[in-house]
file work_33.cif (mmCIF, C-alpha atoms and all ligand atoms)
data_final
#
loop_
_atom_site.label_atom_id
_atom_site.label_comp_id
_atom_site.auth_asym_id
_atom_site.auth_seq_id
_atom_site.Cartn_x
_atom_site.Cartn_y
_atom_site.Cartn_z
CA MET U 1 17.92 -16.29 16.94
CA LYS U 2 21.16 -15.66 15.04
CA LEU U 3 20.70 -14.77 11.38
CA TYR U 4 22.58 -16.79 8.76
CA GLU U 5 24.84 -14.45 6.75
CA GLY U 6 23.21 -15.51 3.48
CA PHE U 7 19.76 -14.33 4.57
CA VAL U 8 18.69 -10.68 4.56
CA CYS U 9 16.26 -11.50 7.38
CA HIS U 10 14.46 -14.52 8.81
CA PRO U 11 12.15 -16.41 6.42
CA SER U 12 8.44 -15.72 6.03
CA VAL U 13 6.16 -18.77 6.06
CA CYS U 14 3.30 -17.61 3.85
CA ALA U 15 -0.05 -19.37 3.56
CA VAL U 16 -1.16 -19.91 -0.06
CA GLY U 17 -3.93 -22.39 -0.87
CA LYS U 18 -3.21 -25.48 1.24
CA ASP U 19 0.56 -24.93 1.16
CA TYR U 20 3.09 -22.68 2.80
CA GLN U 21 5.53 -20.80 0.64
CA ILE U 22 8.69 -20.24 2.66
CA LEU U 23 10.20 -17.03 1.28
CA VAL U 24 13.53 -15.52 2.22
CA PRO U 25 15.46 -12.65 0.59
CA VAL U 26 19.12 -13.60 0.22
CA ASN U 27 22.48 -11.85 0.05
CA PHE U 28 24.11 -14.08 -2.57
CA ASP U 29 23.33 -16.83 -5.06
CA MET U 30 22.64 -20.13 -3.32
CA LEU U 31 20.85 -23.44 -3.62
CA LEU U 32 18.19 -23.64 -0.92
CA SER U 33 16.06 -26.52 0.30
CA ALA U 34 13.91 -27.22 3.35
CA LYS U 35 14.15 -30.45 5.31
CA ILE U 36 10.94 -31.19 7.18
CA GLY U 37 10.73 -34.50 8.99
CA ASP U 38 12.14 -37.08 6.59
CA ARG U 39 11.30 -35.06 3.46
CA GLU U 40 13.21 -32.40 1.54
CA PHE U 41 11.66 -29.64 -0.57
CA PHE U 42 13.54 -27.52 -3.11
CA ASN U 43 13.33 -24.17 -4.82
CA HIS U 44 13.27 -25.37 -8.39
CA SER U 45 11.90 -24.82 -11.85
CA ASN U 46 10.85 -28.08 -13.51
CA GLY U 47 13.60 -29.97 -11.71
CA ILE U 48 16.32 -27.33 -12.07
CA ARG U 49 17.31 -25.88 -8.72
CA ILE U 50 17.20 -22.07 -8.68
CA SER U 51 20.31 -20.30 -7.40
CA SER U 52 20.05 -16.77 -8.82
CA SER U 53 16.79 -15.49 -7.33
CA GLU U 54 17.01 -12.51 -4.95
CA VAL U 55 14.11 -14.00 -2.98
CA GLN U 56 14.22 -17.77 -2.54
CA ARG U 57 10.92 -19.68 -2.35
CA ILE U 58 10.23 -23.23 -1.20
CA THR U 59 6.67 -24.54 -1.34
CA VAL U 60 5.70 -27.16 1.23
CA PRO U 61 2.35 -28.77 2.09
CA GLN U 62 0.84 -27.18 5.21
CA LYS U 63 0.07 -30.59 6.67
CA VAL U 64 3.74 -31.60 6.62
CA LEU U 65 5.03 -28.45 8.36
CA ASP U 66 2.09 -28.23 10.78
CA GLU U 67 2.85 -31.75 12.00
CA ALA U 68 6.64 -31.34 12.15
CA LYS U 69 6.53 -27.88 13.84
CA SER U 70 10.03 -27.14 12.58
CA TYR U 71 11.92 -26.76 9.31
CA THR U 72 15.59 -26.81 8.47
CA LEU U 73 16.78 -24.63 5.60
CA VAL U 74 19.81 -26.03 3.82
CA ALA U 75 21.83 -23.35 1.99
CA ARG U 76 24.76 -23.96 -0.36
CA LYS U 77 26.43 -20.79 -1.58
CA MET U 78 26.87 -20.94 -5.36
CA VAL U 79 30.46 -20.27 -6.40
CA ASP U 80 30.40 -21.05 -10.14
CA ARG U 81 27.36 -22.49 -11.92
CA LYS U 82 29.24 -23.76 -14.94
CA PRO U 83 27.53 -26.32 -17.22
CA TYR U 84 29.56 -29.25 -15.82
CA PHE U 85 30.80 -29.73 -12.25
CA PRO U 86 29.25 -26.53 -10.79
CA VAL U 87 31.03 -25.37 -7.65
CA THR U 88 29.22 -24.67 -4.39
CA GLU U 89 30.37 -24.15 -0.82
CA GLU U 90 29.61 -26.63 1.95
CA ALA U 91 25.97 -26.77 3.04
CA VAL U 92 24.86 -24.65 6.00
CA GLU U 93 21.77 -25.80 7.94
CA ILE U 94 19.51 -23.38 9.79
CA THR U 95 16.64 -24.79 11.86
CA TYR U 96 13.54 -22.80 12.73
CA SER U 97 10.77 -23.90 15.07
CA PHE U 98 7.29 -23.28 13.65
CA LYS U 99 4.03 -22.56 15.44
CA PRO U 100 1.06 -23.84 13.41
CA LEU U 101 -2.35 -22.44 14.29
CA GLU U 102 -3.98 -25.16 16.39
CA LYS U 103 -6.26 -22.99 18.53
CA THR U 104 -9.87 -22.36 17.56
CA GLU U 105 -10.38 -19.26 19.69
CA LYS U 106 -8.31 -16.41 21.15
CA ILE U 107 -6.45 -16.33 17.83
CA ASN U 108 -4.20 -13.28 17.64
CA ILE U 109 -3.73 -11.74 14.18
CA TYR U 110 -1.58 -8.67 13.67
CA GLN U 111 -1.97 -6.57 10.53
CA VAL U 112 0.70 -4.26 9.15
CA ALA U 113 -0.45 -2.31 6.09
CA ASP U 114 0.73 0.98 4.61
CA ALA U 115 4.06 0.93 6.42
CA HIS U 116 5.50 2.49 3.23
CA GLY U 117 8.96 1.20 4.07
CA VAL U 118 8.93 2.21 7.76
CA ILE U 119 10.39 -0.96 9.24
CA ASP U 120 11.50 -0.58 12.87
CA GLU U 121 8.37 1.21 14.09
CA SER U 122 6.11 -1.28 12.25
CA VAL U 123 7.92 -4.17 13.91
CA LYS U 124 7.58 -2.53 17.31
CA ALA U 125 3.82 -2.02 16.86
CA GLY U 126 3.51 -5.49 15.33
CA ARG U 127 5.04 -7.16 18.38
CA TYR U 128 1.92 -6.16 20.35
CA TYR U 129 1.05 -9.80 21.12
CA GLY U 130 4.66 -10.79 21.75
CA GLU U 131 5.17 -14.55 21.47
CA ASP U 132 1.38 -15.05 21.39
CA VAL U 133 0.94 -13.80 17.83
CA ASP U 134 -0.67 -16.56 15.73
CA LEU U 135 -0.86 -15.01 12.26
CA ILE U 136 0.94 -12.03 10.72
CA LEU U 137 -0.89 -10.17 7.98
CA LEU U 138 1.13 -7.90 5.70
CA ASN U 139 -1.72 -6.18 3.92
CA GLY U 140 -0.27 -4.09 1.11
CA ASP U 141 1.79 -0.94 0.65
CA VAL U 142 4.15 -2.34 3.26
CA MET U 143 6.99 -1.19 1.01
CA ASP U 144 6.73 2.22 -0.59
CA SER U 145 7.00 0.92 -4.16
CA SER U 146 8.70 -1.84 -6.13
CA SER U 147 11.51 0.42 -7.29
CA SER U 148 14.22 -2.07 -6.27
CA VAL U 149 14.55 -5.49 -4.68
CA GLU U 150 15.96 -3.80 -1.59
CA VAL U 151 12.83 -1.65 -1.28
CA ILE U 152 10.62 -4.74 -1.70
CA GLU U 153 12.56 -6.49 1.08
CA ALA U 154 10.81 -4.22 3.63
CA ILE U 155 7.83 -6.60 3.71
CA PHE U 156 10.06 -9.56 4.61
CA LYS U 157 12.04 -7.54 7.16
CA ILE U 158 8.84 -6.54 8.97
CA ALA U 159 7.48 -10.11 8.95
CA SER U 160 10.87 -11.29 10.20
CA GLY U 161 10.96 -8.72 12.99
CA ILE U 162 7.53 -9.77 14.26
CA GLY U 163 7.58 -13.54 13.78
CA GLU U 164 11.27 -14.46 13.30
CA GLY U 165 10.35 -17.28 10.93
CA HIS U 166 8.19 -19.09 13.50
CA VAL U 167 4.67 -17.83 12.69
CA PRO U 168 2.41 -18.17 9.59
CA CYS U 169 2.05 -15.04 7.45
CA VAL U 170 -0.33 -13.81 4.77
CA MET U 171 1.01 -11.22 2.34
CA SER U 172 -1.16 -9.16 0.03
CA ARG U 173 -0.33 -6.52 -2.54
CA GLY U 174 -1.16 -2.81 -2.25
CA ASN U 175 -1.48 -0.26 -5.03
CA HIS U 176 1.96 1.27 -4.42
CA ASP U 177 3.50 -2.18 -4.86
CA LEU U 178 2.57 -2.08 -8.57
CA ARG U 179 4.93 0.85 -9.18
CA GLY U 180 8.61 0.84 -10.11
CA ILE U 181 11.12 -1.06 -12.20
CA CYS U 182 10.80 -4.32 -10.19
CA ALA U 183 6.98 -4.35 -10.11
CA GLU U 184 6.72 -6.50 -13.24
CA ARG U 185 8.72 -9.18 -11.36
CA LEU U 186 6.76 -8.78 -8.12
CA ALA U 187 5.03 -12.17 -8.40
CA SER U 188 8.45 -13.83 -8.35
CA PHE U 189 9.24 -12.15 -5.02
CA MET U 190 5.86 -12.46 -3.30
CA PRO U 191 3.64 -15.38 -2.34
CA ASN U 192 1.40 -16.25 -5.28
CA TYR U 193 -0.84 -19.05 -6.52
CA ASN U 194 0.36 -20.13 -9.96
CA GLY U 195 1.53 -16.56 -10.50
CA LYS U 196 -1.70 -14.91 -9.30
CA SER U 197 -1.71 -12.39 -6.46
CA TYR U 198 -5.30 -13.32 -5.52
CA TYR U 199 -6.01 -16.69 -3.99
CA THR U 200 -7.58 -18.46 -1.04
CA PHE U 201 -5.62 -19.78 1.91
CA ARG U 202 -5.97 -21.81 5.07
CA VAL U 203 -4.29 -21.24 8.42
CA GLY U 204 -5.64 -23.76 10.93
CA CYS U 205 -9.38 -23.17 11.33
CA ILE U 206 -9.20 -19.90 9.38
CA TRP U 207 -10.19 -19.80 5.71
CA GLY U 208 -9.36 -16.62 3.87
CA ILE U 209 -9.74 -15.11 0.44
CA LEU U 210 -7.14 -12.61 -0.63
CA ILE U 211 -8.61 -9.99 -2.94
CA ASP U 212 -6.29 -7.77 -4.96
CA CYS U 213 -7.76 -4.51 -6.28
CA GLY U 214 -4.55 -3.60 -8.10
CA GLU U 215 -3.98 0.09 -8.73
CA ASP U 216 -6.19 2.82 -7.27
CA LYS U 217 -6.80 5.05 -10.31
CA PRO U 218 -7.94 4.37 -13.90
CA ASP U 219 -5.37 2.45 -15.97
CA ALA U 220 -5.02 5.45 -18.30
CA ASN U 221 -3.97 7.80 -15.48
CA ASN U 222 -0.80 9.70 -16.38
CA ASP U 223 0.85 8.55 -13.14
CA TYR U 224 1.19 5.10 -14.67
CA GLY U 225 2.58 6.04 -18.10
CA HIS U 226 0.89 3.10 -19.91
CA THR U 227 2.33 0.47 -17.50
CA ILE U 228 -0.96 -0.72 -15.94
CA CYS U 229 -3.83 -2.94 -17.19
CA CYS U 230 -5.67 -3.60 -13.94
CA HIS U 231 -9.18 -3.56 -15.46
CA GLN U 232 -8.39 -6.75 -17.36
CA PHE U 233 -6.79 -8.18 -14.22
CA ARG U 234 -9.92 -7.44 -12.16
CA LEU U 235 -12.21 -9.07 -14.74
CA GLU U 236 -10.10 -12.24 -14.41
CA GLU U 237 -10.37 -11.95 -10.64
CA THR U 238 -14.19 -11.84 -10.87
CA GLU U 239 -14.04 -15.25 -12.54
CA PHE U 240 -11.74 -16.49 -9.77
CA ILE U 241 -14.25 -15.40 -7.08
CA LYS U 242 -17.00 -17.26 -8.95
CA GLU U 243 -14.82 -20.39 -9.15
CA VAL U 244 -14.18 -20.25 -5.40
CA ILE U 245 -17.95 -20.10 -4.81
CA GLU U 246 -18.52 -23.06 -7.15
CA ASN U 247 -15.91 -24.97 -5.15
CA ALA U 248 -17.38 -23.95 -1.76
CA LYS U 249 -17.29 -27.46 -0.24
CA ASP U 250 -13.51 -27.59 -0.60
CA GLU U 251 -13.08 -23.95 0.37
CA TYR U 252 -15.05 -22.01 3.00
CA GLU U 253 -17.55 -24.83 3.64
CA ALA U 254 -14.81 -27.36 4.47
CA PRO U 255 -15.71 -29.06 7.77
CA ASP U 256 -12.80 -27.70 9.81
CA VAL U 257 -13.30 -24.04 8.84
CA LYS U 258 -14.44 -21.89 11.75
CA TYR U 259 -13.66 -18.34 10.59
CA ARG U 260 -14.01 -16.83 7.11
CA LEU U 261 -11.93 -13.76 6.36
CA VAL U 262 -11.66 -11.43 3.40
CA ILE U 263 -8.23 -9.83 3.11
CA SER U 264 -7.88 -6.82 0.82
CA HIS U 265 -5.51 -3.88 0.95
CA ASN U 266 -8.21 -1.66 -0.50
CA PRO U 267 -11.63 -1.61 1.27
CA PHE U 268 -13.33 -1.69 -2.12
CA ALA U 269 -16.88 -1.23 -0.78
CA HIS U 270 -15.84 2.36 -0.14
CA THR U 271 -16.00 4.82 -3.01
CA ILE U 272 -13.26 7.43 -2.77
CA ARG U 273 -13.21 10.84 -4.46
CA PRO U 274 -12.10 11.08 -8.13
CA PRO U 275 -9.77 9.90 -9.60
CA PHE U 276 -9.89 7.04 -7.06
CA ASP U 277 -13.59 6.27 -7.68
CA ILE U 278 -12.79 3.40 -10.04
CA GLU U 279 -14.63 0.18 -10.93
CA GLN U 280 -17.82 0.92 -9.01
CA PRO U 281 -20.03 -1.72 -10.74
CA LEU U 282 -17.25 -4.33 -10.66
CA PHE U 283 -16.40 -3.76 -6.99
CA ALA U 284 -20.14 -3.83 -6.17
CA GLU U 285 -20.32 -7.22 -7.91
CA TRP U 286 -17.41 -8.50 -5.79
CA CYS U 287 -19.19 -7.29 -2.63
CA LYS U 288 -22.40 -9.05 -3.66
CA LEU U 289 -20.67 -12.32 -4.58
CA LEU U 290 -18.74 -12.43 -1.31
CA LYS U 291 -21.64 -11.31 0.89
CA GLU U 292 -24.36 -13.53 -0.54
CA ASN U 293 -22.30 -16.68 -1.00
CA ILE U 294 -19.32 -16.74 1.34
CA HIS U 295 -20.85 -14.88 4.31
CA PRO U 296 -17.47 -13.78 5.70
CA ASP U 297 -17.02 -13.00 9.38
CA LEU U 298 -14.61 -10.11 8.88
CA MET U 299 -12.87 -8.15 6.16
CA LEU U 300 -9.43 -6.72 7.01
CA CYS U 301 -8.09 -3.72 5.08
CA GLY U 302 -5.69 -0.81 5.06
CA HIS U 303 -5.14 1.74 2.27
CA LEU U 304 -7.12 4.65 3.73
CA HIS U 305 -4.55 5.45 6.43
CA CYS U 306 -7.26 5.50 9.08
CA LEU U 307 -8.49 3.41 12.00
CA SER U 308 -12.11 2.38 11.60
CA ILE U 309 -14.59 -0.37 12.23
CA SER U 310 -16.79 0.04 9.21
CA GLU U 311 -20.42 -0.90 9.86
CA ASP U 312 -22.78 -1.82 7.03
CA GLY U 313 -24.04 1.36 5.36
CA GLY U 314 -21.57 3.52 7.29
CA PRO U 315 -19.25 6.17 5.88
CA TYR U 316 -16.91 3.56 4.36
CA ASP U 317 -19.63 1.42 2.77
CA GLN U 318 -21.12 2.71 -0.48
CA LYS U 319 -21.54 -0.64 -2.26
CA GLY U 320 -22.92 -3.12 0.28
CA GLN U 321 -19.78 -4.42 1.96
CA PRO U 322 -19.40 -8.21 2.31
CA CYS U 323 -19.29 -8.00 6.13
CA ILE U 324 -18.10 -5.73 8.90
CA THR U 325 -14.78 -4.28 7.73
CA LEU U 326 -11.79 -3.43 9.88
CA ILE U 327 -9.60 -0.70 8.43
CA GLY U 328 -6.43 -0.21 10.43
CA SER U 329 -3.17 1.37 9.35
CA ASN U 330 -1.40 4.68 9.43
CA VAL U 331 2.11 6.01 9.14
CA LYS U 332 3.35 9.45 10.05
CA ILE U 333 6.81 10.86 9.39
CA ASN U 334 7.68 13.68 11.81
CA ASP U 335 9.62 16.78 10.81
CA ASP U 336 12.71 15.40 12.55
CA GLY U 337 12.56 12.26 10.38
CA THR U 338 11.26 9.94 13.11
CA ALA U 339 8.20 7.86 12.28
CA VAL U 340 5.10 6.66 14.07
CA TYR U 341 3.47 3.52 12.69
CA THR U 342 -0.04 2.44 13.65
CA GLY U 343 -1.41 -1.03 12.93
CA MET U 344 -4.20 -3.32 14.06
CA GLY U 345 -4.45 -6.43 16.21
CA VAL U 346 -7.48 -8.71 15.90
CA THR U 347 -8.26 -11.53 18.33
CA LEU U 348 -10.81 -14.00 16.97
CA ASN U 349 -13.09 -15.49 19.60
CA ASP U 350 -16.09 -17.75 19.18
CA LYS U 351 -18.68 -15.12 18.35
CA ASP U 352 -16.74 -11.89 18.27
CA ALA U 353 -13.39 -10.28 17.67
CA LYS U 354 -11.43 -7.93 19.88
CA VAL U 355 -9.79 -5.22 17.80
CA VAL U 356 -6.86 -3.14 19.01
CA PHE U 357 -5.39 -0.16 17.20
CA ASN U 358 -1.88 0.52 18.43
CA SER U 359 1.23 2.40 17.38
CA ASN U 360 4.85 1.82 18.24
CA GLU U 361 4.23 4.28 21.09
CA GLU U 362 0.77 3.57 22.53
CA VAL U 363 -2.56 1.77 22.37
CA LEU U 364 -5.07 4.04 20.63
CA GLY U 365 -8.29 2.09 21.02
CA GLU U 366 -9.86 -1.28 21.84
CA HIS U 367 -13.19 -2.48 20.47
CA THR U 368 -15.30 -5.63 20.44
CA VAL U 369 -16.94 -6.57 17.14
CA LYS U 370 -19.73 -9.14 17.12
CA PHE U 371 -19.92 -11.54 14.18
CA ARG U 372 -23.22 -11.65 12.30
FE FE U 401 -2.81 1.88 -0.60
#
call {"tool": "encode", "arguments": {"input": "work_33.cif", "output": "structure tokens"}}
result
Amino acid sequence: MKLYEGFVCHPSVCAVGKDYQILVPVNFDMLLSAKIGDREFFNHSNGIRISSSEVQRITVPQKVLDEAKSYTLVARKMVDRKPYFPVTEEAVEITYSFKPLEKTEKINIYQVADAHGVIDESVKAGRYYGEDVDLILLNGDVMDSSSSVEVIEAIFKIASGIGEGHVPCVMSRGNHDLRGICAERLASFMPNYNGKSYYTFRVGCIWGILIDCGEDKPDANNDYGHTICCHQFRLEETEFIKEVIENAKDEYEAPDVKYRLVISHNPFAHTIRPPFDIEQPLFAEWCKLLKENIHPDLMLCGHLHCLSISEDGGPYDQKGQPCITLIGSNVKINDDGTAVYTGMGVTLNDKDAKVVFNSNEEVLGEHTVKFR
């Protein structure tokens, strides 16, 4: 559909907790709201509508959008936000249809991870299921860094190219995303739960926990120049995982949950060579907590730039992984500057998942993975 001139790309409807956060990067200051049914939701801070954010965010309850199956974004370009009688242009309304996940099998998930800013090829690979895609997973290092807002926009452009604002998304953070001048503001551009980049989410009958490993080397590594404190962040995340387990009845044991997924850019059960061999006891604790309490069906990862179905105790499992782990992403830049992007499609069925590794050029492999 035609793109409104104020939007950099179509919006991303991101699942966070029991809400969707509708995120859209914008070309100019504007007031943005979403009309859904007879309700209107705003991008605001304690009642003050936000006009200056480079990425606009409107949080809506999943139930409301799932029932309405469409949302209308109302944009008013800000001309002069003076203290009295601010001036805006006339409102422009843009309506998107929305496809909530209502199926309980043959659910098509497409994962793009490690695109490192390669947009067109990632979109082409990511359109593997065409209109039948049910959930888009942007699983970290989708942009090459957070060196500018424009660089960060890659994640939204790829989601837009695959789902065009119609399909639920889940967006996680990769280690490269913590780098650059805009990284400290990343939470304001990305889906988050009260500012946190780790959270649980629902999409139809899927329950997921998004785990964020943060950076991939020790905090004191010279690459970071004192800008990173991920050990502290991970300790806080351990407490979050424990809280989710304490709240199991309202989380993964909720009556309408059929599939339990772990989403993590970094397949943290794998121990990589130094200096990437960080946090071994802490990551082992995460594996144990998830495995023994949540009993996930699948864990979906990227980071290693490989295509693998990691079995328990296999080459990618040194810590007792929570469940069978799908690692699927790669990007290759040719000498002539062209790129090949490889991602992963996962179709959830009753007792198994069909996994496809494909690039923008070809299908590289198809596998069936049985759930435990
Ligand atoms: Fe990575």
call {"tool": "residues_near_point", "arguments": {"input": "work_33.cif", "point": "(10.6, -6.5, 1.8)", "cutoff": "10 Å", "atoms": "all atoms listed in the file", "output": "list in words"}}
result
Val8, Cys9, Val24, Pro25, Val55, Gly117, Ile119, Val142, Met143, Asp144, Ser146, Ser148, Val149, Glu150, Val151, Ile152, Glu153, Ala154, Ile155, Phe156, Lys157, Ile158, Ala159, Ser160, Phe189 and Met190 of chain U
call {"tool": "closest_residue", "arguments": {"input": "work_33.cif", "among": "U:Lys99, U:Lys69, U:His265, U:His231", "to": "Asp212 in chain U", "atoms": "only C-alpha atoms"}}
result
U:His265
call {"tool": "residues_near_point", "arguments": {"input": "work_33.cif", "point": "(14.5, -28.9, 8.8)", "cutoff": "10 Å", "atoms": "only C-alpha atoms", "output": "ChimeraX atom specification"}}
result
/U:33-41,65,68-74,93-97
call {"tool": "atom_distance", "arguments": {"input": "work_33.cif", "atom1": "CA of Gly345 in chain U", "atom2": "CA of Gly208 in chain U"}}
result
16.7 Å
call {"tool": "residues_near_ligand", "arguments": {"input": "work_33.cif", "ligand": "ligand FE 401 (chain U)", "cutoff": "7 Å", "atoms": "only C-alpha atoms and all ligand atoms", "output": "list in words"}}
result
Asp114, Gly140, Asp141, Gly174, Asn175, His176, His265, Asn266, Gly302, His303 and Leu304 of chain U
call {"tool": "closest_residue", "arguments": {"input": "work_33.cif", "among": "U:Ala15, U:Val92, U:Met1, U:Ala125", "to": "Arg202 in chain U", "atoms": "all atoms listed in the file"}}
result
U:Ala15
call {"tool": "closest_residue", "arguments": {"input": "work_33.cif", "among": "U:Glu89, U:Leu137, U:Val112, U:Val79", "to": "Val13 in chain U", "atoms": "all atoms listed in the file"}}
result
U:Leu137
call {"tool": "atom_distance", "arguments": {"input": "work_33.cif", "atom1": "CA of Cys306 in chain U", "atom2": "CA of Ile136 in chain U"}}
result
19.4 Å
call {"tool": "closest_residue", "arguments": {"input": "work_33.cif", "among": "U:Glu102, U:Glu5, U:Glu251, U:Asp19", "to": "Val170 in chain U", "atoms": "only C-alpha atoms"}}
result
U:Asp19
call {"tool": "atom_distance", "arguments": {"input": "work_33.cif", "atom1": "CA of Asp134 in chain U", "atom2": "CA of Thr342 in chain U"}}
result
19.1 Å
